[in-house]
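Peer 1: Input file: upload_34.txt. Contents: compact mmCIF, N, CA and C atoms.
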# COMPACT_ATOMS: atom_id res chain seq x y z
N MET A 29 -11.87 -34.17 51.82
CA MET A 29 -10.47 -33.81 51.82
C MET A 29 -10.28 -32.31 51.86
N VAL A 30 -11.19 -31.57 51.24
CA VAL A 30 -11.12 -30.12 51.33
C VAL A 30 -11.27 -29.69 52.78
N ASN A 31 -12.18 -30.34 53.48
CA ASN A 31 -12.42 -29.99 54.88
C ASN A 31 -11.23 -30.28 55.78
N ASP A 32 -10.34 -31.18 55.37
CA ASP A 32 -9.15 -31.47 56.17
C ASP A 32 -8.26 -30.23 56.31
N GLY A 33 -8.29 -29.38 55.28
CA GLY A 33 -7.49 -28.16 55.31
C GLY A 33 -6.00 -28.40 55.29
N LYS A 34 -5.56 -29.53 54.70
CA LYS A 34 -4.15 -29.90 54.73
C LYS A 34 -3.46 -29.88 53.37
N ALA A 35 -4.21 -29.96 52.28
CA ALA A 35 -3.54 -30.10 50.98
C ALA A 35 -4.20 -29.32 49.85
N PHE A 36 -5.50 -29.15 49.89
CA PHE A 36 -6.21 -28.49 48.80
C PHE A 36 -6.44 -27.02 49.13
N PRO A 37 -6.30 -26.14 48.15
CA PRO A 37 -6.44 -24.71 48.43
C PRO A 37 -7.87 -24.25 48.69
N GLN A 38 -8.85 -25.02 48.23
CA GLN A 38 -10.23 -24.61 48.43
C GLN A 38 -10.56 -24.58 49.93
N VAL A 39 -11.43 -23.66 50.28
CA VAL A 39 -11.87 -23.55 51.67
C VAL A 39 -13.20 -24.27 51.87
N GLU A 40 -14.07 -24.16 50.90
CA GLU A 40 -15.40 -24.75 50.98
C GLU A 40 -15.54 -25.91 49.99
N GLU A 41 -16.32 -26.91 50.36
CA GLU A 41 -16.65 -27.98 49.42
C GLU A 41 -17.55 -27.41 48.33
N LEU A 42 -17.50 -28.03 47.17
CA LEU A 42 -18.34 -27.61 46.06
C LEU A 42 -19.73 -28.19 46.19
N SER A 43 -20.72 -27.42 45.77
CA SER A 43 -22.07 -27.97 45.66
C SER A 43 -22.07 -28.92 44.47
N VAL A 44 -23.10 -29.70 44.31
CA VAL A 44 -23.19 -30.62 43.17
C VAL A 44 -23.13 -29.83 41.86
N GLU A 45 -23.83 -28.72 41.80
CA GLU A 45 -23.82 -27.90 40.59
C GLU A 45 -22.42 -27.33 40.32
N GLU A 46 -21.77 -26.83 41.35
CA GLU A 46 -20.41 -26.30 41.20
C GLU A 46 -19.43 -27.41 40.80
N ALA A 47 -19.58 -28.58 41.40
CA ALA A 47 -18.71 -29.71 41.08
C ALA A 47 -18.90 -30.14 39.63
N ASN A 48 -20.13 -30.20 39.16
CA ASN A 48 -20.39 -30.58 37.77
C ASN A 48 -19.67 -29.64 36.82
N LYS A 49 -19.76 -28.34 37.07
CA LYS A 49 -19.09 -27.36 36.21
C LYS A 49 -17.57 -27.49 36.33
N PHE A 50 -17.08 -27.60 37.55
CA PHE A 50 -15.64 -27.71 37.78
C PHE A 50 -15.05 -28.90 37.04
N PHE A 51 -15.65 -30.08 37.18
CA PHE A 51 -15.11 -31.27 36.54
C PHE A 51 -15.29 -31.23 35.03
N ALA A 52 -16.37 -30.61 34.54
CA ALA A 52 -16.58 -30.48 33.10
C ALA A 52 -15.53 -29.58 32.45
N ASP A 53 -14.97 -28.66 33.22
CA ASP A 53 -13.98 -27.72 32.69
C ASP A 53 -12.56 -28.29 32.62
N GLN A 54 -12.35 -29.49 33.12
CA GLN A 54 -11.01 -30.09 33.14
C GLN A 54 -10.70 -30.73 31.78
N SER A 55 -9.42 -30.89 31.48
CA SER A 55 -9.02 -31.61 30.26
C SER A 55 -9.31 -33.09 30.39
N PHE A 56 -9.19 -33.61 31.61
CA PHE A 56 -9.45 -35.03 31.85
C PHE A 56 -9.70 -35.22 33.35
N CYS A 57 -10.62 -36.10 33.66
CA CYS A 57 -10.90 -36.49 35.05
C CYS A 57 -10.93 -38.01 35.11
N ALA A 58 -10.44 -38.55 36.20
CA ALA A 58 -10.46 -40.01 36.36
C ALA A 58 -10.83 -40.34 37.81
N VAL A 59 -11.53 -41.44 37.95
CA VAL A 59 -11.83 -41.98 39.27
C VAL A 59 -11.51 -43.47 39.24
N ALA A 60 -11.31 -44.03 40.42
CA ALA A 60 -11.16 -45.47 40.55
C ALA A 60 -12.06 -45.93 41.67
N GLU A 61 -12.66 -47.07 41.46
CA GLU A 61 -13.57 -47.64 42.45
C GLU A 61 -13.03 -48.96 42.98
N ILE A 62 -13.29 -49.20 44.23
CA ILE A 62 -13.06 -50.49 44.85
C ILE A 62 -14.37 -50.88 45.51
N ASP A 63 -14.90 -52.03 45.13
CA ASP A 63 -16.18 -52.50 45.65
C ASP A 63 -17.28 -51.45 45.50
N SER A 64 -17.36 -50.85 44.31
CA SER A 64 -18.37 -49.85 43.95
C SER A 64 -18.26 -48.54 44.74
N GLU A 65 -17.13 -48.31 45.38
CA GLU A 65 -16.91 -47.07 46.12
C GLU A 65 -15.78 -46.30 45.45
N VAL A 66 -16.03 -45.01 45.14
CA VAL A 66 -14.98 -44.17 44.58
C VAL A 66 -13.96 -43.91 45.68
N VAL A 67 -12.72 -44.32 45.41
CA VAL A 67 -11.68 -44.17 46.42
C VAL A 67 -10.55 -43.23 45.98
N VAL A 68 -10.47 -42.94 44.70
CA VAL A 68 -9.47 -42.00 44.20
C VAL A 68 -10.04 -41.20 43.05
N LEU A 69 -9.48 -40.01 42.87
CA LEU A 69 -9.82 -39.22 41.70
C LEU A 69 -8.65 -38.31 41.38
N TYR A 70 -8.59 -37.91 40.12
CA TYR A 70 -7.66 -36.86 39.76
C TYR A 70 -8.23 -36.04 38.63
N ILE A 71 -7.74 -34.81 38.55
CA ILE A 71 -8.09 -33.90 37.46
C ILE A 71 -6.80 -33.50 36.77
N LEU A 72 -6.92 -33.21 35.48
CA LEU A 72 -5.78 -32.81 34.66
C LEU A 72 -6.24 -31.64 33.79
N HIS A 73 -5.43 -30.61 33.74
CA HIS A 73 -5.80 -29.41 32.97
C HIS A 73 -4.55 -28.59 32.67
N PRO A 74 -4.67 -27.62 31.77
CA PRO A 74 -3.52 -26.75 31.52
C PRO A 74 -3.18 -25.96 32.78
N ASN A 75 -1.90 -25.77 33.01
CA ASN A 75 -1.45 -24.96 34.14
C ASN A 75 -1.59 -23.47 33.82
N ASN A 76 -1.59 -23.16 32.51
CA ASN A 76 -1.67 -21.78 32.08
C ASN A 76 -2.23 -21.76 30.66
N ILE A 77 -2.16 -20.64 29.99
CA ILE A 77 -2.72 -20.51 28.64
C ILE A 77 -1.64 -20.07 27.65
N GLY A 78 -2.00 -20.06 26.38
CA GLY A 78 -1.14 -19.50 25.34
C GLY A 78 0.24 -20.13 25.29
N ARG A 79 1.26 -19.32 25.39
CA ARG A 79 2.64 -19.77 25.29
C ARG A 79 3.06 -20.71 26.42
N CYS A 80 2.25 -20.79 27.45
CA CYS A 80 2.51 -21.72 28.55
C CYS A 80 1.47 -22.84 28.58
N GLY A 81 0.66 -22.94 27.54
CA GLY A 81 -0.40 -23.94 27.49
C GLY A 81 0.07 -25.37 27.34
N HIS A 82 1.34 -25.58 27.09
CA HIS A 82 1.90 -26.94 26.98
C HIS A 82 2.22 -27.54 28.35
N ILE A 83 2.02 -26.75 29.40
CA ILE A 83 2.31 -27.21 30.76
C ILE A 83 1.00 -27.65 31.41
N ALA A 84 0.99 -28.88 31.90
CA ALA A 84 -0.20 -29.42 32.57
C ALA A 84 -0.07 -29.27 34.08
N ASN A 85 -1.18 -29.39 34.73
CA ASN A 85 -1.26 -29.41 36.18
C ASN A 85 -2.27 -30.49 36.54
N SER A 86 -2.07 -31.12 37.65
CA SER A 86 -2.98 -32.18 38.07
C SER A 86 -3.12 -32.15 39.58
N SER A 87 -4.28 -32.58 40.06
CA SER A 87 -4.54 -32.72 41.49
C SER A 87 -5.08 -34.11 41.75
N TYR A 88 -4.70 -34.66 42.88
CA TYR A 88 -5.05 -36.04 43.20
C TYR A 88 -5.69 -36.13 44.57
N ALA A 89 -6.59 -37.07 44.71
CA ALA A 89 -7.21 -37.32 46.01
C ALA A 89 -7.37 -38.83 46.18
N VAL A 90 -6.85 -39.34 47.27
CA VAL A 90 -6.98 -40.76 47.61
C VAL A 90 -7.66 -40.83 48.98
N LYS A 91 -8.72 -41.59 49.05
CA LYS A 91 -9.43 -41.75 50.32
C LYS A 91 -8.44 -42.24 51.38
N SER A 92 -8.46 -41.61 52.54
CA SER A 92 -7.44 -41.89 53.56
C SER A 92 -7.35 -43.36 53.93
N SER A 93 -8.47 -44.07 53.94
CA SER A 93 -8.44 -45.49 54.31
C SER A 93 -7.82 -46.37 53.23
N LYS A 94 -7.57 -45.83 52.05
CA LYS A 94 -6.99 -46.60 50.94
C LYS A 94 -5.55 -46.22 50.64
N ARG A 95 -5.00 -45.29 51.40
CA ARG A 95 -3.61 -44.88 51.17
C ARG A 95 -2.65 -45.99 51.58
N GLY A 96 -1.47 -45.97 50.97
CA GLY A 96 -0.46 -46.96 51.28
C GLY A 96 -0.55 -48.22 50.44
N ASN A 97 -1.37 -48.20 49.40
CA ASN A 97 -1.54 -49.37 48.53
C ASN A 97 -1.07 -49.11 47.10
N ASN A 98 -0.21 -48.12 46.92
CA ASN A 98 0.31 -47.73 45.60
C ASN A 98 -0.75 -47.20 44.65
N ILE A 99 -1.91 -46.88 45.16
CA ILE A 99 -2.96 -46.31 44.30
C ILE A 99 -2.54 -44.93 43.81
N GLY A 100 -1.96 -44.14 44.71
CA GLY A 100 -1.51 -42.80 44.34
C GLY A 100 -0.48 -42.83 43.23
N GLU A 101 0.45 -43.76 43.32
CA GLU A 101 1.48 -43.87 42.28
C GLU A 101 0.85 -44.21 40.94
N LYS A 102 -0.09 -45.13 40.94
CA LYS A 102 -0.77 -45.49 39.68
C LYS A 102 -1.51 -44.28 39.11
N LEU A 103 -2.12 -43.50 40.00
CA LEU A 103 -2.84 -42.30 39.59
C LEU A 103 -1.90 -41.29 38.93
N VAL A 104 -0.79 -41.00 39.58
CA VAL A 104 0.15 -40.02 39.04
C VAL A 104 0.73 -40.51 37.72
N ARG A 105 1.13 -41.76 37.66
CA ARG A 105 1.69 -42.29 36.40
C ARG A 105 0.65 -42.25 35.28
N HIS A 106 -0.61 -42.57 35.60
CA HIS A 106 -1.67 -42.49 34.60
C HIS A 106 -1.84 -41.05 34.11
N SER A 107 -1.80 -40.10 35.04
CA SER A 107 -1.98 -38.70 34.66
C SER A 107 -0.84 -38.22 33.76
N LEU A 108 0.37 -38.71 33.99
CA LEU A 108 1.49 -38.33 33.13
C LEU A 108 1.30 -38.88 31.71
N GLU A 109 0.86 -40.12 31.62
CA GLU A 109 0.58 -40.72 30.31
C GLU A 109 -0.55 -39.98 29.61
N LYS A 110 -1.59 -39.66 30.36
CA LYS A 110 -2.73 -38.94 29.79
C LYS A 110 -2.31 -37.54 29.35
N ALA A 111 -1.46 -36.89 30.14
CA ALA A 111 -0.97 -35.56 29.77
C ALA A 111 -0.24 -35.61 28.44
N LYS A 112 0.63 -36.61 28.29
CA LYS A 112 1.36 -36.74 27.03
C LYS A 112 0.40 -37.00 25.87
N GLU A 113 -0.57 -37.88 26.11
CA GLU A 113 -1.57 -38.20 25.08
C GLU A 113 -2.34 -36.95 24.66
N LEU A 114 -2.59 -36.05 25.59
CA LEU A 114 -3.33 -34.82 25.29
C LEU A 114 -2.45 -33.70 24.74
N GLY A 115 -1.14 -33.97 24.57
CA GLY A 115 -0.25 -33.00 23.96
C GLY A 115 0.50 -32.10 24.93
N PHE A 116 0.38 -32.35 26.21
CA PHE A 116 1.17 -31.58 27.18
C PHE A 116 2.61 -32.08 27.16
N ARG A 117 3.54 -31.18 27.40
CA ARG A 117 4.96 -31.53 27.39
C ARG A 117 5.58 -31.55 28.79
N ILE A 118 4.92 -30.88 29.72
CA ILE A 118 5.44 -30.73 31.07
C ILE A 118 4.29 -30.89 32.06
N MET A 119 4.60 -31.45 33.22
CA MET A 119 3.65 -31.45 34.34
C MET A 119 4.29 -30.59 35.43
N GLN A 120 3.52 -29.65 35.93
CA GLN A 120 4.01 -28.79 36.99
C GLN A 120 3.00 -28.77 38.13
N PHE A 121 3.51 -28.98 39.33
CA PHE A 121 2.67 -28.86 40.52
C PHE A 121 3.05 -27.54 41.20
N ASN A 122 2.08 -26.70 41.42
CA ASN A 122 2.31 -25.36 41.93
C ASN A 122 2.34 -25.25 43.45
N ALA A 123 1.72 -26.19 44.13
CA ALA A 123 1.52 -25.97 45.56
C ALA A 123 1.42 -27.28 46.33
N VAL A 124 2.52 -28.01 46.42
CA VAL A 124 2.55 -29.22 47.23
C VAL A 124 2.92 -28.79 48.65
N VAL A 125 2.00 -28.99 49.57
CA VAL A 125 2.19 -28.54 50.94
C VAL A 125 3.35 -29.33 51.57
N SER A 126 4.26 -28.61 52.21
CA SER A 126 5.50 -29.23 52.69
C SER A 126 5.29 -30.34 53.72
N SER A 127 4.17 -30.35 54.42
CA SER A 127 3.92 -31.43 55.38
C SER A 127 3.33 -32.67 54.72
N ASN A 128 3.03 -32.59 53.42
CA ASN A 128 2.47 -33.73 52.70
C ASN A 128 3.62 -34.65 52.26
N LYS A 129 4.25 -35.26 53.24
CA LYS A 129 5.46 -36.06 53.02
C LYS A 129 5.24 -37.23 52.07
N GLY A 130 4.06 -37.86 52.16
CA GLY A 130 3.77 -38.98 51.27
C GLY A 130 3.78 -38.56 49.81
N ALA A 131 3.13 -37.43 49.51
CA ALA A 131 3.10 -36.94 48.13
C ALA A 131 4.50 -36.55 47.66
N ILE A 132 5.24 -35.86 48.51
CA ILE A 132 6.59 -35.43 48.15
C ILE A 132 7.47 -36.65 47.84
N HIS A 133 7.41 -37.65 48.69
CA HIS A 133 8.18 -38.88 48.47
C HIS A 133 7.79 -39.52 47.13
N LEU A 134 6.50 -39.60 46.88
CA LEU A 134 6.01 -40.21 45.64
C LEU A 134 6.49 -39.43 44.42
N TYR A 135 6.34 -38.12 44.42
CA TYR A 135 6.74 -37.33 43.27
C TYR A 135 8.24 -37.47 43.01
N GLU A 136 9.04 -37.45 44.06
CA GLU A 136 10.48 -37.61 43.88
C GLU A 136 10.82 -39.02 43.38
N LYS A 137 10.12 -40.03 43.86
CA LYS A 137 10.33 -41.41 43.40
C LYS A 137 10.06 -41.53 41.91
N ILE A 138 9.02 -40.87 41.43
CA ILE A 138 8.64 -40.93 40.02
C ILE A 138 9.61 -40.14 39.15
N GLY A 139 10.27 -39.15 39.72
CA GLY A 139 11.24 -38.38 38.95
C GLY A 139 10.94 -36.91 38.82
N PHE A 140 9.96 -36.42 39.55
CA PHE A 140 9.70 -34.98 39.55
C PHE A 140 10.88 -34.26 40.18
N GLU A 141 11.15 -33.06 39.69
CA GLU A 141 12.20 -32.23 40.25
C GLU A 141 11.58 -31.13 41.09
N LYS A 142 12.13 -30.91 42.26
CA LYS A 142 11.72 -29.79 43.11
C LYS A 142 12.36 -28.54 42.51
N VAL A 143 11.54 -27.55 42.16
CA VAL A 143 12.09 -26.36 41.50
C VAL A 143 11.94 -25.10 42.33
N GLY A 144 11.32 -25.19 43.47
CA GLY A 144 11.22 -23.99 44.29
C GLY A 144 10.32 -24.17 45.49
N VAL A 145 10.40 -23.21 46.39
CA VAL A 145 9.58 -23.20 47.59
C VAL A 145 8.98 -21.81 47.74
N VAL A 146 7.71 -21.76 48.06
CA VAL A 146 7.05 -20.51 48.40
C VAL A 146 6.85 -20.54 49.90
N LYS A 147 7.60 -19.70 50.59
CA LYS A 147 7.52 -19.66 52.05
C LYS A 147 6.13 -19.19 52.48
N LYS A 148 5.55 -19.93 53.40
CA LYS A 148 4.24 -19.59 53.98
C LYS A 148 3.16 -19.41 52.91
N GLY A 149 3.21 -20.27 51.89
CA GLY A 149 2.27 -20.15 50.77
C GLY A 149 0.94 -20.83 50.97
N PHE A 150 0.78 -21.60 52.03
CA PHE A 150 -0.46 -22.35 52.26
C PHE A 150 -0.97 -22.06 53.66
N LEU A 151 -2.23 -21.71 53.76
CA LEU A 151 -2.87 -21.47 55.05
C LEU A 151 -3.61 -22.72 55.48
N ASN A 152 -3.10 -23.39 56.50
CA ASN A 152 -3.76 -24.58 57.02
C ASN A 152 -5.07 -24.24 57.69
N LYS A 153 -5.87 -25.26 57.90
CA LYS A 153 -7.16 -25.08 58.54
C LYS A 153 -7.02 -24.48 59.95
N ASP A 154 -5.88 -24.74 60.60
CA ASP A 154 -5.65 -24.20 61.94
C ASP A 154 -5.07 -22.78 61.90
N ASN A 155 -5.14 -22.14 60.72
CA ASN A 155 -4.68 -20.76 60.51
C ASN A 155 -3.18 -20.57 60.68
N LYS A 156 -2.41 -21.62 60.44
CA LYS A 156 -0.96 -21.52 60.45
C LYS A 156 -0.47 -21.63 59.01
N TYR A 157 0.49 -20.80 58.65
CA TYR A 157 1.03 -20.83 57.30
C TYR A 157 2.14 -21.86 57.18
N GLU A 158 2.19 -22.48 56.02
CA GLU A 158 3.16 -23.54 55.76
C GLU A 158 3.72 -23.33 54.35
N ASP A 159 4.95 -23.78 54.14
CA ASP A 159 5.58 -23.65 52.83
C ASP A 159 4.90 -24.57 51.82
N ILE A 160 4.95 -24.15 50.56
CA ILE A 160 4.53 -25.01 49.45
C ILE A 160 5.71 -25.20 48.51
N ILE A 161 5.74 -26.37 47.89
CA ILE A 161 6.84 -26.74 47.01
C ILE A 161 6.33 -26.86 45.58
N LEU A 162 7.10 -26.35 44.64
CA LEU A 162 6.78 -26.48 43.23
C LEU A 162 7.59 -27.64 42.66
N PHE A 163 6.91 -28.49 41.88
CA PHE A 163 7.55 -29.64 41.25
C PHE A 163 7.35 -29.59 39.74
N TYR A 164 8.32 -30.19 39.03
CA TYR A 164 8.36 -30.17 37.56
C TYR A 164 8.68 -31.58 37.05
N TYR A 165 8.04 -31.96 35.96
CA TYR A 165 8.32 -33.24 35.31
C TYR A 165 8.23 -33.04 33.81
N ASP A 166 9.28 -33.41 33.08
CA ASP A 166 9.30 -33.29 31.63
C ASP A 166 8.64 -34.53 31.04
N VAL A 167 7.37 -34.41 30.70
CA VAL A 167 6.59 -35.53 30.18
C VAL A 167 7.16 -36.01 28.87
N GLU A 168 7.50 -35.08 27.99
CA GLU A 168 8.01 -35.43 26.66
C GLU A 168 9.31 -36.19 26.74
N GLU A 169 10.19 -35.78 27.64
CA GLU A 169 11.51 -36.41 27.76
C GLU A 169 11.46 -37.74 28.50
N ASN A 170 10.60 -37.87 29.48
CA ASN A 170 10.62 -39.03 30.38
C ASN A 170 9.64 -40.14 30.04
N LEU A 171 8.72 -39.89 29.15
CA LEU A 171 7.76 -40.97 28.80
C LEU A 171 7.94 -41.43 27.37
Output the file's structure as structure tokens, nothing else.

Peer 2:
Amino acid sequence: MVNDGKAFPQVEELSVEEANKFFADQSFCAVAEIDSEVVVLYILHPNNIGRCGHIANSSYAVKSSKRGNNIGEKLVRHSLEKAKELGFRIMQFNAVVSSNKGAIHLYEKIGFEKVGVVKKGFLNKDNKYEDIILFYYDVEENL
């Protein structure tokens, strides 16, 4: 998914060693398997530190062949519940790429609020800049 250059900010895939450290540093990681194949994953972590440490951030990945089966919605809802369980009060997404219509539709369906746009905030793999959208969800109030 990183190689697609459409949604994740990373340019290079992580090595196994880098991935182990990256996932170990998260507040929570989850995967789901279908027929012994990992088809989805998400990470959950603080969006910031200190006085902003109550705000969570999460990233999701669904294998393209498994999209359209409500797996993403289950993932996002699970992450919101897990965020609340871990003491986060807010979920904030910093960089939802504007062409990611499926994600935008899902977040709005769940109740996330669009709070801003960063013009040309994402560099696609084809070297074209695209807007990113910031989303907000009050975990404490809505769950």

Peer 1: Quick one: pick out all helix (DSSP H, G or I) residues within chain A from a backbone DSSP run and write them as a ChimeraX atom specification.

Peer 2: /A:44-52,78-80,92-94,99-113,129-138,167-170

Peer 1: Mind pulling up the distance from atom C of A:Asn152 to atom N of A:Ala58?

Peer 2: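 Taking atom N of A:Ala58 and atom C of A:Asn152, their separation equals 26.4 Å.
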
Peer 1: Using only C-alpha atoms, determine which residues lie at most 8 Å from stretch 86-100 of chain A, disregarding the query and same-chain residues fewer than 4 positions distant; provide the list as an MDAnalysis selection string.

Peer 2: chainID A and resid 29 67:73 104 107 119:121

Peer 1: Any chance you could export the current selection's N, CA and C atoms as a compact mmCIF listing (two decimals), in the frame of the given file?

Peer 2:
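What ended up in out.txt:
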# COMPACT_ATOMS: atom_id res chain seq x y z
N MET A 29 -11.87 -34.17 51.82
CA MET A 29 -10.47 -33.81 51.82
C MET A 29 -10.28 -32.31 51.86
N VAL A 67 -12.72 -44.32 45.41
CA VAL A 67 -11.68 -44.17 46.42
C VAL A 67 -10.55 -43.23 45.98
N VAL A 68 -10.47 -42.94 44.70
CA VAL A 68 -9.47 -42.00 44.20
C VAL A 68 -10.04 -41.20 43.05
N LEU A 69 -9.48 -40.01 42.87
CA LEU A 69 -9.82 -39.22 41.70
C LEU A 69 -8.65 -38.31 41.38
N TYR A 70 -8.59 -37.91 40.12
CA TYR A 70 -7.66 -36.86 39.76
C TYR A 70 -8.23 -36.04 38.63
N ILE A 71 -7.74 -34.81 38.55
CA ILE A 71 -8.09 -33.90 37.46
C ILE A 71 -6.80 -33.50 36.77
N LEU A 72 -6.92 -33.21 35.48
CA LEU A 72 -5.78 -32.81 34.66
C LEU A 72 -6.24 -31.64 33.79
N HIS A 73 -5.43 -30.61 33.74
CA HIS A 73 -5.80 -29.41 32.97
C HIS A 73 -4.55 -28.59 32.67
N VAL A 104 -0.79 -41.00 39.58
CA VAL A 104 0.15 -40.02 39.04
C VAL A 104 0.73 -40.51 37.72
N SER A 107 -1.80 -40.10 35.04
CA SER A 107 -1.98 -38.70 34.66
C SER A 107 -0.84 -38.22 33.76
N MET A 119 4.60 -31.45 33.22
CA MET A 119 3.65 -31.45 34.34
C MET A 119 4.29 -30.59 35.43
N GLN A 120 3.52 -29.65 35.93
CA GLN A 120 4.01 -28.79 36.99
C GLN A 120 3.00 -28.77 38.13
N PHE A 121 3.51 -28.98 39.33
CA PHE A 121 2.67 -28.86 40.52
C PHE A 121 3.05 -27.54 41.20

Peer 1: Report, in Å to a single decimal, how far apart atom CA of A:Gly139 and atom CA of A:Ile118 are.

Peer 2: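 Answer for the atom CA of A:Ile118 to atom CA of A:Gly139 separation: 12.4 Å.
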
Peer 1: Can you work out which one of A:Ile83, A:Leu114, A:Ile77, A:Ile161 has the shortest atom-to-atom distance to A:Lys142, counting all atoms listed in the file?

Peer 2: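 With all atoms listed in the file as the atom set, the closest residue is A:Ile161.
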
Peer 1: Nearest residue to A:Ser127 out of A:Asp159, A:Glu101, A:Lys110, A:Lys148, using only C-alpha atoms?

Peer 2: A:Asp159

Peer 1: I'd like to know which of A:Tyr135, A:Gly130, A:Lys102, A:Val125 is closest to A:Phe150, using all atoms listed in the file.

Peer 2: A:Val125

Peer 1: Distance atom CA of A:Asn155-atom CA of A:Asn76, one decimal place?

Peer 2: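 According to the coordinates, atom CA of A:Asn155 and atom CA of A:Asn76 are separated by 28.6 Å.
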
Peer 1: Determine, counting only N, CA and C atoms, which protein, DNA and RNA residues have an atom within 8 Å of an atom of A:Val167; residues of the same chain fewer than 5 positions away are not included. Present the result as a list of chain:residue names.

Peer 2: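 Counting only the stated atoms, we get A:Leu108, A:Glu109, A:Ala111, A:Lys112, A:Phe116, A:Arg117, A:Ile118, A:Met119.
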
Peer 1: So which residues touch A:Asn75 within 6.5 Å, counting only N, CA and C atoms, skipping near sequence neighbours fewer than 4 positions away, as number ranges by chain?

Peer 2: A: 80-85

Peer 1: Keeping only N, CA and C atoms, write those residues as a compact mmCIF listing (two decimals), keeping the file's coordinate frame.

Peer 2:
# COMPACT_ATOMS: atom_id res chain seq x y z
N CYS A 80 2.25 -20.79 27.45
CA CYS A 80 2.51 -21.72 28.55
C CYS A 80 1.47 -22.84 28.58
N GLY A 81 0.66 -22.94 27.54
CA GLY A 81 -0.40 -23.94 27.49
C GLY A 81 0.07 -25.37 27.34
N HIS A 82 1.34 -25.58 27.09
CA HIS A 82 1.90 -26.94 26.98
C HIS A 82 2.22 -27.54 28.35
N ILE A 83 2.02 -26.75 29.40
CA ILE A 83 2.31 -27.21 30.76
C ILE A 83 1.00 -27.65 31.41
N ALA A 84 0.99 -28.88 31.90
CA ALA A 84 -0.20 -29.42 32.57
C ALA A 84 -0.07 -29.27 34.08
N ASN A 85 -1.18 -29.39 34.73
CA ASN A 85 -1.26 -29.41 36.18
C ASN A 85 -2.27 -30.49 36.54

Peer 1: If you run DSSP on this backbone, which residues of chain A come out as strand (DSSP E), and could you give them as a count of residues only?

Peer 2: 54
